[in-house]
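Asker: The following file, structure_14.cif, comprises mmCIF, C-alpha atoms and all ligand atoms:
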```cif
data_start
loop_
_atom_site.label_atom_id
_atom_site.label_comp_id
_atom_site.auth_asym_id
_atom_site.auth_seq_id
_atom_site.Cartn_x
_atom_site.Cartn_y
_atom_site.Cartn_z
CA MET Q 101 19.64 -2.23 -9.42
CA THR Q 102 21.67 0.81 -10.45
CA GLY Q 103 21.29 4.45 -9.38
CA ILE Q 104 18.74 5.16 -12.09
CA LYS Q 105 15.02 5.60 -11.56
CA ILE Q 106 13.07 2.44 -10.73
CA THR Q 107 10.18 1.66 -13.04
CA ALA Q 108 7.23 -0.70 -12.90
CA ALA Q 109 9.13 -2.96 -15.33
CA ASP Q 110 12.02 -3.11 -12.84
CA ILE Q 111 9.64 -4.17 -10.04
CA ARG Q 112 8.14 -6.80 -12.31
CA ALA Q 113 11.59 -8.10 -13.27
CA MET Q 114 12.49 -8.67 -9.60
CA LYS Q 115 10.20 -11.72 -9.65
CA SER Q 116 12.19 -13.47 -12.38
CA ARG Q 117 15.43 -12.76 -10.50
CA GLY Q 118 13.93 -14.14 -7.28
CA GLU Q 119 14.71 -10.84 -5.55
CA LYS Q 120 12.23 -10.15 -2.73
CA ILE Q 121 10.38 -6.86 -3.16
CA ALA Q 122 10.38 -4.71 -0.01
CA ALA Q 123 7.58 -2.16 -0.27
CA LEU Q 124 6.41 0.38 2.32
CA THR Q 125 3.90 3.21 2.58
CA ALA Q 126 4.69 6.92 2.91
CA TYR Q 127 2.43 9.93 3.02
CA ASP Q 128 4.85 12.85 3.24
CA PHE Q 129 8.19 14.27 2.08
CA PRO Q 130 10.52 13.17 4.93
CA THR Q 131 9.26 9.59 5.16
CA THR Q 132 9.48 9.13 1.40
CA ARG Q 133 13.04 10.47 1.47
CA LEU Q 134 14.05 8.16 4.35
CA LEU Q 135 12.52 5.07 2.72
CA ASP Q 136 14.17 5.95 -0.57
CA GLN Q 137 17.56 6.42 1.10
CA ALA Q 138 17.08 3.01 2.75
CA GLY Q 139 16.78 1.49 -0.74
CA ILE Q 140 13.05 0.64 -0.73
CA PRO Q 141 12.21 0.17 -4.44
CA LEU Q 142 8.42 0.58 -4.23
CA ILE Q 143 6.79 3.28 -2.08
CA LEU Q 144 3.01 3.51 -1.85
CA VAL Q 145 1.04 6.57 -0.88
CA GLY Q 146 -1.70 4.29 0.42
CA ASP Q 147 -5.20 5.29 1.37
CA SER Q 148 -4.24 3.86 4.79
CA LEU Q 149 -3.48 7.60 4.97
CA GLY Q 150 -7.07 7.84 6.24
CA MET Q 151 -6.33 5.96 9.44
CA VAL Q 152 -2.65 6.58 10.09
CA VAL Q 153 -2.49 10.29 9.27
CA LEU Q 154 -5.98 11.74 9.04
CA GLY Q 155 -7.66 9.96 11.97
CA TYR Q 156 -10.56 8.41 10.06
CA PRO Q 157 -11.83 5.01 11.27
CA ASP Q 158 -11.10 3.35 7.91
CA THR Q 159 -10.12 4.17 4.32
CA THR Q 160 -13.61 4.85 3.00
CA SER Q 161 -13.59 8.59 3.80
CA VAL Q 162 -10.35 9.37 1.96
CA THR Q 163 -10.93 11.74 -0.97
CA MET Q 164 -9.09 12.36 -4.22
CA ALA Q 165 -8.11 15.83 -2.95
CA GLU Q 166 -6.52 14.28 0.16
CA MET Q 167 -4.67 11.69 -1.92
CA GLU Q 168 -3.38 14.38 -4.29
CA HIS Q 169 -2.17 16.54 -1.39
CA HIS Q 170 -0.12 13.67 0.10
CA VAL Q 171 1.12 12.37 -3.26
CA ARG Q 172 2.45 15.87 -4.01
CA ALA Q 173 4.30 15.93 -0.66
CA ALA Q 174 5.81 12.46 -1.20
CA ALA Q 175 6.74 13.23 -4.82
CA ARG Q 176 8.61 16.40 -3.80
CA SER Q 177 11.35 14.11 -2.44
CA ARG Q 178 11.90 12.92 -6.03
CA PRO Q 179 12.53 9.31 -4.99
CA ARG Q 180 14.49 6.82 -7.03
CA ALA Q 181 11.81 4.34 -5.91
CA LEU Q 182 8.69 3.80 -7.95
CA LEU Q 183 6.05 6.00 -6.30
CA ALA Q 184 2.59 4.42 -6.45
CA ALA Q 185 -0.65 5.88 -5.11
CA ASP Q 186 -4.06 4.50 -4.21
CA LEU Q 187 -7.18 5.42 -6.09
CA PRO Q 188 -9.51 6.09 -3.14
CA PHE Q 189 -12.95 4.59 -2.50
CA ARG Q 190 -15.54 5.37 -5.20
CA SER Q 191 -12.96 7.10 -7.44
CA TYR Q 192 -12.94 4.28 -10.01
CA ALA Q 193 -16.57 3.23 -10.35
CA THR Q 194 -16.33 3.42 -14.16
CA ALA Q 195 -13.44 3.16 -16.61
CA ALA Q 196 -13.77 6.88 -17.38
CA ASP Q 197 -13.61 7.81 -13.66
CA ALA Q 198 -10.67 5.45 -13.11
CA LEU Q 199 -8.70 6.99 -15.96
CA ALA Q 200 -9.51 10.60 -15.04
CA ASN Q 201 -8.57 10.04 -11.38
CA ALA Q 202 -5.45 8.02 -12.23
CA ARG Q 203 -4.36 10.97 -14.38
CA ARG Q 204 -4.96 13.34 -11.45
CA LEU Q 205 -2.71 11.20 -9.23
CA VAL Q 206 -0.05 11.11 -11.95
CA ALA Q 207 -0.29 14.91 -12.31
CA ALA Q 208 0.31 15.09 -8.53
CA GLY Q 209 3.48 13.00 -8.92
CA ALA Q 210 2.45 9.33 -8.76
CA GLU Q 211 4.18 6.98 -11.18
CA ALA Q 212 1.74 4.09 -10.77
CA VAL Q 213 -1.74 3.68 -9.31
CA LYS Q 214 -3.39 0.95 -7.26
CA ALA Q 215 -7.06 0.02 -7.01
CA GLU Q 216 -8.83 -2.76 -5.15
CA GLY Q 217 -10.60 -5.62 -6.91
CA GLY Q 218 -10.32 -8.30 -9.56
CA ARG Q 219 -12.46 -9.13 -12.56
CA GLU Q 220 -15.09 -6.55 -11.56
CA ILE Q 221 -12.64 -3.69 -12.29
CA LEU Q 222 -10.99 -5.05 -15.45
CA ASP Q 223 -12.41 -2.29 -17.69
CA GLN Q 224 -10.91 0.26 -15.31
CA VAL Q 225 -7.53 -1.54 -15.26
CA ARG Q 226 -7.43 -1.79 -19.05
CA ALA Q 227 -8.25 1.92 -19.45
CA ILE Q 228 -5.46 2.89 -17.03
CA VAL Q 229 -2.89 0.56 -18.61
CA ALA Q 230 -3.87 1.64 -22.15
CA ALA Q 231 -3.11 5.23 -21.12
CA GLY Q 232 0.44 4.15 -20.18
CA ILE Q 233 -0.07 4.38 -16.41
CA PRO Q 234 1.41 1.39 -14.54
CA PHE Q 235 -1.25 -0.43 -12.51
CA LEU Q 236 -0.78 -2.24 -9.19
CA GLY Q 237 -3.56 -4.70 -8.28
CA HIS Q 238 -4.93 -5.39 -4.80
CA LEU Q 239 -6.76 -8.63 -3.96
CA GLY Q 240 -7.82 -10.47 -0.81
CA MET Q 241 -9.20 -8.38 2.01
CA LEU Q 242 -10.17 -5.10 0.38
CA PRO Q 243 -10.08 -2.33 3.02
CA GLN Q 244 -12.40 -0.10 0.96
CA HIS Q 245 -15.08 -2.79 1.55
CA VAL Q 246 -14.49 -3.12 5.29
CA ARG Q 247 -17.92 -1.77 6.18
CA GLU Q 248 -19.85 -4.22 3.97
CA GLU Q 249 -17.64 -7.03 5.23
CA ASN Q 250 -17.94 -6.02 8.85
CA GLY Q 251 -14.22 -6.13 9.58
CA TYR Q 252 -10.87 -7.33 8.26
CA HIS Q 253 -11.16 -11.07 7.55
CA LEU Q 254 -8.70 -13.56 6.05
CA LYS Q 255 -9.57 -14.53 2.44
CA GLY Q 256 -9.02 -17.81 0.61
CA LYS Q 257 -10.18 -20.16 3.32
CA SER Q 258 -12.99 -21.73 1.25
CA GLU Q 259 -12.56 -23.45 -2.12
CA ALA Q 260 -14.78 -20.82 -3.76
CA GLU Q 261 -12.59 -17.99 -2.40
CA ARG Q 262 -9.41 -19.80 -3.47
CA LEU Q 263 -10.68 -20.20 -7.03
CA LYS Q 264 -11.92 -16.60 -7.17
CA LEU Q 265 -8.57 -15.22 -5.98
CA LEU Q 266 -6.64 -17.30 -8.52
CA ALA Q 267 -8.92 -16.24 -11.38
CA ASP Q 268 -8.82 -12.58 -10.33
CA ALA Q 269 -5.02 -12.61 -10.08
CA GLN Q 270 -4.68 -14.18 -13.51
CA ALA Q 271 -7.14 -11.66 -14.99
CA LEU Q 272 -5.26 -8.69 -13.48
CA ALA Q 273 -1.99 -10.00 -14.89
CA GLU Q 274 -3.57 -10.43 -18.34
CA ALA Q 275 -5.03 -6.91 -18.16
CA GLY Q 276 -1.51 -5.53 -17.69
CA ALA Q 277 -1.02 -5.05 -13.92
CA PHE Q 278 2.71 -5.02 -13.09
CA ALA Q 279 2.24 -6.58 -9.61
CA ILE Q 280 -0.54 -7.48 -7.18
CA VAL Q 281 -0.84 -6.74 -3.46
CA LEU Q 282 -2.35 -9.73 -1.61
CA GLU Q 283 -3.85 -8.56 1.67
CA LEU Q 284 -4.91 -11.02 4.39
CA VAL Q 285 -4.89 -13.98 2.03
CA SER Q 286 -4.46 -17.52 3.34
CA PRO Q 287 -0.70 -18.23 3.03
CA ARG Q 288 -1.37 -21.45 1.06
CA VAL Q 289 -3.46 -19.56 -1.52
CA ALA Q 290 -0.97 -16.67 -1.67
CA GLN Q 291 1.77 -19.21 -2.42
CA ALA Q 292 -0.34 -20.80 -5.18
CA ILE Q 293 -1.07 -17.41 -6.77
CA THR Q 294 2.62 -16.50 -6.55
CA ARG Q 295 3.52 -19.70 -8.42
CA GLN Q 296 0.82 -19.33 -11.07
CA VAL Q 297 0.86 -15.67 -12.09
CA PRO Q 298 3.71 -14.17 -14.12
CA ILE Q 299 3.74 -10.88 -12.17
CA PRO Q 300 4.99 -10.34 -8.60
CA THR Q 301 2.73 -10.81 -5.60
CA ILE Q 302 3.35 -8.44 -2.70
CA GLY Q 303 1.84 -9.74 0.51
CA ILE Q 304 0.56 -8.11 3.65
CA GLY Q 305 -0.68 -10.65 6.17
CA ALA Q 306 -0.50 -13.28 3.41
CA GLY Q 307 2.37 -15.46 4.62
CA PRO Q 308 6.05 -15.58 3.64
CA ASP Q 309 5.78 -17.05 0.15
CA CYS Q 310 4.85 -13.96 -1.87
CA ASP Q 311 7.39 -12.31 -4.18
CA GLY Q 312 7.57 -9.37 -1.79
CA GLN Q 313 6.02 -7.83 1.29
CA ILE Q 314 4.41 -4.45 1.93
CA LEU Q 315 3.72 -2.84 5.30
CA VAL Q 316 2.16 0.35 6.52
CA THR Q 317 5.32 2.15 7.70
CA PRO Q 318 3.88 3.51 11.00
CA ASP Q 319 3.01 -0.12 11.91
CA LEU Q 320 6.59 -1.24 11.23
CA LEU Q 321 7.96 1.62 13.35
CA GLY Q 322 5.60 1.11 16.30
CA LEU Q 323 4.09 4.55 15.87
CA GLN Q 324 0.55 3.42 16.54
CA PRO Q 325 0.48 1.23 19.65
CA TRP Q 326 -3.33 1.56 19.70
CA TYR Q 327 -3.59 -0.80 16.68
CA GLN Q 328 -2.64 -4.42 17.47
CA LEU Q 329 -1.84 -6.25 14.22
CA LYS Q 330 -1.00 -9.94 13.97
CA HIS Q 331 0.99 -9.62 10.75
CA VAL Q 332 3.49 -6.96 11.87
CA LYS Q 333 6.30 -7.21 14.41
CA PRO Q 334 7.35 -3.57 14.87
CA LYS Q 335 11.10 -3.02 14.47
CA LEU Q 336 10.98 0.03 16.73
CA ASN Q 337 8.83 1.35 19.55
CA ALA Q 338 8.76 4.84 18.09
CA ALA Q 339 5.64 5.94 19.99
CA ALA Q 340 7.30 5.25 23.35
CA GLN Q 341 10.58 6.85 22.24
CA ILE Q 342 8.79 9.99 21.09
CA GLN Q 343 6.93 10.23 24.41
CA VAL Q 344 10.19 9.83 26.40
CA ALA Q 345 11.94 12.49 24.28
CA ILE Q 346 9.07 14.95 24.74
CA ALA Q 347 8.82 14.32 28.48
CA GLU Q 348 12.60 14.84 28.86
CA TRP Q 349 12.49 18.08 26.89
CA LYS Q 350 9.58 19.34 29.00
CA GLN Q 351 11.37 18.40 32.22
CA ASP Q 352 14.56 20.18 31.09
CA LEU Q 353 12.54 23.26 30.21
CA GLN Q 354 10.71 23.37 33.52
CA ARG Q 355 13.70 22.48 35.75
CA PRO Q 356 14.36 25.41 38.11
CA ALA Q 357 17.43 27.39 37.06
CA GLY Q 358 20.66 27.25 39.10
O1 LIG R 401 -3.44 1.73 1.79
C1 LIG R 401 -2.45 1.02 1.99
O2 LIG R 401 -1.53 1.39 2.73
C2 LIG R 401 -2.40 -0.27 1.35
C3 LIG R 401 -1.37 -1.24 1.84
C4 LIG R 401 -1.84 -1.84 3.10
C5 LIG R 401 -1.06 -2.27 0.83
O3 LIG R 401 -3.16 -0.56 0.49
#
```
In structure tokens, how does this file's structure come out?
Answerer:
Amino acid sequence: MTGIKITAADIRAMKSRGEKIAALTAYDFPTTRLLDQAGIPLILVGDSLGMVVLGYPDTTSVTMAEMEHHVRAAARSRPRALLAADLPFRSYATAADALANARRLVAAGAEAVKAEGGREILDQVRAIVAAGIPFLGHLGMLPQHVREENGYHLKGKSEAERLKLLADAQALAEAGAFAIVLELVSPRVAQAITRQVPIPTIGIGAGPDCDGQILVTPDLLGLQPWYQLKHVKPKLNAAAQIQVAIAEWKQDLQRPAG
């Protein structure tokens, strides 16, 4: 890739070159700038925002106003990376809602939008794509449905789930999605989808054989030791380092003079 702006078409083309797509989340100006400077081509203002920044128990409380606020902050860093943003829970119940809310995220600075689901949201996907807004799919475990599903469970273990995932992935590709996030999908099924669909798969907890991987950046940096995740090996223990730095500063401040 050159120094010019990365587009959805560039991300899509990485699959045909066999170049692994490294994607990460960001919710603010400095993190977006740091990820961009590290050469991450796809940055997602995810609705994981709800848990990792706003302190909600899951993503279902995140609002459009909260997404817009954080998309604006991330977009102010004017990244070379493609900046995608999540349509939050209940913001894309109809095609008209999906399009109106995708436009709001674009007005805030997003260059692509993501929504969760397969064939049940095809009208929404088609409306977004027809308006010229790049669409990123999300299949497998759908965090916006965590309450109905009573937790975060691996998908694709049964034959029915395998067939559903394959058909949904194919349908999203045909509707014009430029890539699909596969979350907590059985690695064997993620590999099959990756082989069968023409657009990149970007896995999270879906095994090594996707066209790329995405992580929630605070998980990668060890900023949230209170969440134990099987699919992430933190590269840093940032929470502990922050606590040491703060304790040292406090000690220095309170040390008697002389
Ligand atoms: O909200 C988010 O951060 C996501 C990623 C986990 C893919 O959807």
Asker: With distances taken over only C-alpha atoms, which of Q:Thr125, Q:Gln343, Q:Gln137, Q:Ser116 is nearest to Gly103 of chain Q?
Answerer: Q:Gln137
Asker: So, counting only C-alpha atoms, which residue among Q:Glu283, Q:Gly276, Q:Ser191, Q:Glu216 is closest to Met241 of chain Q?
Answerer: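 Counting only C-alpha atoms, the residue closest to Met241 of chain Q is Q:Glu283.
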Asker: Using all atoms listed in the file, list the residues that have an atom at most 10 Å from (10.2, 12.4, -0.9), coordinates as in the file, as a list in words.
Answerer: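 Counting all atoms listed in the file, I find these residues within 10 Å of (10.2, 12.4, -0.9): Ala126, Tyr127, Asp128, Phe129, Pro130, Thr131, Thr132, Arg133, Leu134, Leu135, Asp136, Gln137, Ile143, Val171, Arg172, Ala173, Ala174, Ala175, Arg176, Ser177, Arg178, Pro179, Arg180, Ala181 and Leu183 of chain Q.
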Asker: Which residues sit within 10 Å of ligand LIG 401 (chain R), counting only C-alpha atoms and all ligand atoms, listed as number ranges by chain?
Answerer: Q: 123-127, 143-152, 158-159, 185-188, 214-216, 237-239, 241-244, 280-284, 302-305, 313-317
Asker: For Met167 of chain Q, which of Q:Ser286, Q:Asn201, Q:Thr294, Q:Gln328 is the closest residue, counting only C-alpha atoms?
Answerer: Q:Asn201
Asker: In Å, how far is it from atom CA of Glu166 of chain Q to atom CA of Ala338 of chain Q?
Answerer: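 Here the two named atoms are 25.4 Å from each other.
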Asker: Using Å and a single decimal, report how far atom CA of Tyr156 of chain Q sits from atom CA of Leu321 of chain Q.
Answerer: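 Computing the Euclidean distance for atom CA of Leu321 of chain Q and atom CA of Tyr156 of chain Q yields 20.0 Å.
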Asker: Report, in Å to a single decimal, how far apart atom CA of Ala269 of chain Q and atom CA of His253 of chain Q are.
Answerer: 18.7 Å
Asker: For segment 247-272 of chain Q, which lacks atoms in the input, supply N, CA, C and O atoms and format the output as a PDB file, in the frame of the given file.
Answerer:
```
ATOM      1  N   ARG Q 247     -16.608  -1.962   5.528  1.00  0.00           N
ATOM      2  CA  ARG Q 247     -17.920  -1.770   6.180  1.00  0.00           C
ATOM      3  C   ARG Q 247     -18.893  -2.856   5.764  1.00  0.00           C
ATOM      4  O   ARG Q 247     -19.568  -3.444   6.608  1.00  0.00           O
ATOM      5  N   GLU Q 248     -18.965  -3.133   4.428  1.00  0.00           N
ATOM      6  CA  GLU Q 248     -19.850  -4.220   3.970  1.00  0.00           C
ATOM      7  C   GLU Q 248     -19.447  -5.547   4.596  1.00  0.00           C
ATOM      8  O   GLU Q 248     -20.275  -6.406   4.854  1.00  0.00           O
ATOM      9  N   GLU Q 249     -18.135  -5.733   4.773  1.00  0.00           N
ATOM     10  CA  GLU Q 249     -17.640  -7.030   5.230  1.00  0.00           C
ATOM     11  C   GLU Q 249     -17.561  -7.127   6.742  1.00  0.00           C
ATOM     12  O   GLU Q 249     -17.168  -8.154   7.279  1.00  0.00           O
ATOM     13  N   ASN Q 250     -17.905  -6.017   7.396  1.00  0.00           N
ATOM     14  CA  ASN Q 250     -17.940  -6.020   8.850  1.00  0.00           C
ATOM     15  C   ASN Q 250     -16.597  -6.421   9.474  1.00  0.00           C
ATOM     16  O   ASN Q 250     -16.553  -7.283  10.355  1.00  0.00           O
ATOM     17  N   GLY Q 251     -15.528  -5.863   8.981  1.00  0.00           N
ATOM     18  CA  GLY Q 251     -14.220  -6.130   9.580  1.00  0.00           C
ATOM     19  C   GLY Q 251     -13.205  -6.637   8.576  1.00  0.00           C
ATOM     20  O   GLY Q 251     -13.500  -6.770   7.390  1.00  0.00           O
ATOM     21  N   TYR Q 252     -12.006  -6.901   9.091  1.00  0.00           N
ATOM     22  CA  TYR Q 252     -10.870  -7.330   8.260  1.00  0.00           C
ATOM     23  C   TYR Q 252     -10.722  -8.845   8.418  1.00  0.00           C
ATOM     24  O   TYR Q 252     -10.256  -9.311   9.455  1.00  0.00           O
ATOM     25  N   HIS Q 253     -11.159  -9.608   7.418  1.00  0.00           N
ATOM     26  CA  HIS Q 253     -11.160 -11.070   7.550  1.00  0.00           C
ATOM     27  C   HIS Q 253     -10.230 -11.704   6.517  1.00  0.00           C
ATOM     28  O   HIS Q 253     -10.141 -11.233   5.378  1.00  0.00           O
ATOM     29  N   LEU Q 254      -9.599 -12.805   6.949  1.00  0.00           N
ATOM     30  CA  LEU Q 254      -8.700 -13.560   6.050  1.00  0.00           C
ATOM     31  C   LEU Q 254      -9.493 -14.116   4.866  1.00  0.00           C
ATOM     32  O   LEU Q 254     -10.594 -14.640   5.044  1.00  0.00           O
ATOM     33  N   LYS Q 255      -8.914 -14.019   3.658  1.00  0.00           N
ATOM     34  CA  LYS Q 255      -9.570 -14.530   2.440  1.00  0.00           C
ATOM     35  C   LYS Q 255      -8.847 -15.768   1.918  1.00  0.00           C
ATOM     36  O   LYS Q 255      -7.634 -15.897   2.081  1.00  0.00           O
ATOM     37  N   GLY Q 256      -9.624 -16.634   1.253  1.00  0.00           N
ATOM     38  CA  GLY Q 256      -9.020 -17.810   0.610  1.00  0.00           C
ATOM     39  C   GLY Q 256      -9.182 -19.063   1.440  1.00  0.00           C
ATOM     40  O   GLY Q 256      -8.552 -20.081   1.144  1.00  0.00           O
ATOM     41  N   LYS Q 257     -10.023 -18.980   2.461  1.00  0.00           N
ATOM     42  CA  LYS Q 257     -10.180 -20.160   3.320  1.00  0.00           C
ATOM     43  C   LYS Q 257     -11.084 -21.200   2.652  1.00  0.00           C
ATOM     44  O   LYS Q 257     -10.874 -22.388   2.794  1.00  0.00           O
ATOM     45  N   SER Q 258     -12.097 -20.762   1.917  1.00  0.00           N
ATOM     46  CA  SER Q 258     -12.990 -21.730   1.250  1.00  0.00           C
ATOM     47  C   SER Q 258     -12.480 -21.982  -0.166  1.00  0.00           C
ATOM     48  O   SER Q 258     -11.716 -21.186  -0.730  1.00  0.00           O
ATOM     49  N   GLU Q 259     -12.948 -23.095  -0.746  1.00  0.00           N
ATOM     50  CA  GLU Q 259     -12.560 -23.450  -2.120  1.00  0.00           C
ATOM     51  C   GLU Q 259     -13.032 -22.360  -3.101  1.00  0.00           C
ATOM     52  O   GLU Q 259     -12.311 -21.982  -4.031  1.00  0.00           O
ATOM     53  N   ALA Q 260     -14.238 -21.847  -2.855  1.00  0.00           N
ATOM     54  CA  ALA Q 260     -14.780 -20.820  -3.760  1.00  0.00           C
ATOM     55  C   ALA Q 260     -13.895 -19.572  -3.721  1.00  0.00           C
ATOM     56  O   ALA Q 260     -13.579 -18.975  -4.763  1.00  0.00           O
ATOM     57  N   GLU Q 261     -13.460 -19.181  -2.511  1.00  0.00           N
ATOM     58  CA  GLU Q 261     -12.590 -17.990  -2.400  1.00  0.00           C
ATOM     59  C   GLU Q 261     -11.237 -18.242  -3.058  1.00  0.00           C
ATOM     60  O   GLU Q 261     -10.666 -17.354  -3.692  1.00  0.00           O
ATOM     61  N   ARG Q 262     -10.724 -19.467  -2.872  1.00  0.00           N
ATOM     62  CA  ARG Q 262      -9.410 -19.800  -3.470  1.00  0.00           C
ATOM     63  C   ARG Q 262      -9.487 -19.662  -4.995  1.00  0.00           C
ATOM     64  O   ARG Q 262      -8.637 -19.021  -5.625  1.00  0.00           O
ATOM     65  N   LEU Q 263     -10.547 -20.239  -5.575  1.00  0.00           N
ATOM     66  CA  LEU Q 263     -10.680 -20.200  -7.030  1.00  0.00           C
ATOM     67  C   LEU Q 263     -10.884 -18.764  -7.532  1.00  0.00           C
ATOM     68  O   LEU Q 263     -10.341 -18.353  -8.559  1.00  0.00           O
ATOM     69  N   LYS Q 264     -11.652 -18.003  -6.769  1.00  0.00           N
ATOM     70  CA  LYS Q 264     -11.920 -16.600  -7.170  1.00  0.00           C
ATOM     71  C   LYS Q 264     -10.617 -15.795  -7.142  1.00  0.00           C
ATOM     72  O   LYS Q 264     -10.312 -15.050  -8.078  1.00  0.00           O
ATOM     73  N   LEU Q 265      -9.825 -15.976  -6.079  1.00  0.00           N
ATOM     74  CA  LEU Q 265      -8.570 -15.220  -5.980  1.00  0.00           C
ATOM     75  C   LEU Q 265      -7.627 -15.578  -7.123  1.00  0.00           C
ATOM     76  O   LEU Q 265      -7.005 -14.697  -7.727  1.00  0.00           O
ATOM     77  N   LEU Q 266      -7.538 -16.873  -7.429  1.00  0.00           N
ATOM     78  CA  LEU Q 266      -6.640 -17.300  -8.520  1.00  0.00           C
ATOM     79  C   LEU Q 266      -7.089 -16.706  -9.851  1.00  0.00           C
ATOM     80  O   LEU Q 266      -6.274 -16.190 -10.628  1.00  0.00           O
ATOM     81  N   ALA Q 267      -8.408 -16.769 -10.104  1.00  0.00           N
ATOM     82  CA  ALA Q 267      -8.920 -16.240 -11.380  1.00  0.00           C
ATOM     83  C   ALA Q 267      -8.746 -14.726 -11.454  1.00  0.00           C
ATOM     84  O   ALA Q 267      -8.388 -14.172 -12.510  1.00  0.00           O
ATOM     85  N   ASP Q 268      -8.984 -14.042 -10.338  1.00  0.00           N
ATOM     86  CA  ASP Q 268      -8.820 -12.580 -10.330  1.00  0.00           C
ATOM     87  C   ASP Q 268      -7.359 -12.193 -10.567  1.00  0.00           C
ATOM     88  O   ASP Q 268      -7.071 -11.247 -11.312  1.00  0.00           O
ATOM     89  N   ALA Q 269      -6.449 -12.923  -9.928  1.00  0.00           N
ATOM     90  CA  ALA Q 269      -5.020 -12.610 -10.080  1.00  0.00           C
ATOM     91  C   ALA Q 269      -4.586 -12.808 -11.535  1.00  0.00           C
ATOM     92  O   ALA Q 269      -3.890 -11.974 -12.123  1.00  0.00           O
ATOM     93  N   GLN Q 270      -5.022 -13.902 -12.113  1.00  0.00           N
ATOM     94  CA  GLN Q 270      -4.680 -14.180 -13.510  1.00  0.00           C
ATOM     95  C   GLN Q 270      -5.246 -13.081 -14.424  1.00  0.00           C
ATOM     96  O   GLN Q 270      -4.568 -12.591 -15.325  1.00  0.00           O
ATOM     97  N   ALA Q 271      -6.495 -12.684 -14.143  1.00  0.00           N
ATOM     98  CA  ALA Q 271      -7.140 -11.660 -14.990  1.00  0.00           C
ATOM     99  C   ALA Q 271      -6.412 -10.315 -14.864  1.00  0.00           C
ATOM    100  O   ALA Q 271      -6.221  -9.606 -15.867  1.00  0.00           O
ATOM    101  N   LEU Q 272      -5.987  -9.961 -13.647  1.00  0.00           N
ATOM    102  CA  LEU Q 272      -5.260  -8.690 -13.480  1.00  0.00           C
ATOM    103  C   LEU Q 272      -3.940  -8.725 -14.235  1.00  0.00           C
ATOM    104  O   LEU Q 272      -3.541  -7.746 -14.877  1.00  0.00           O
TER     105      LEU Q 272
END
```
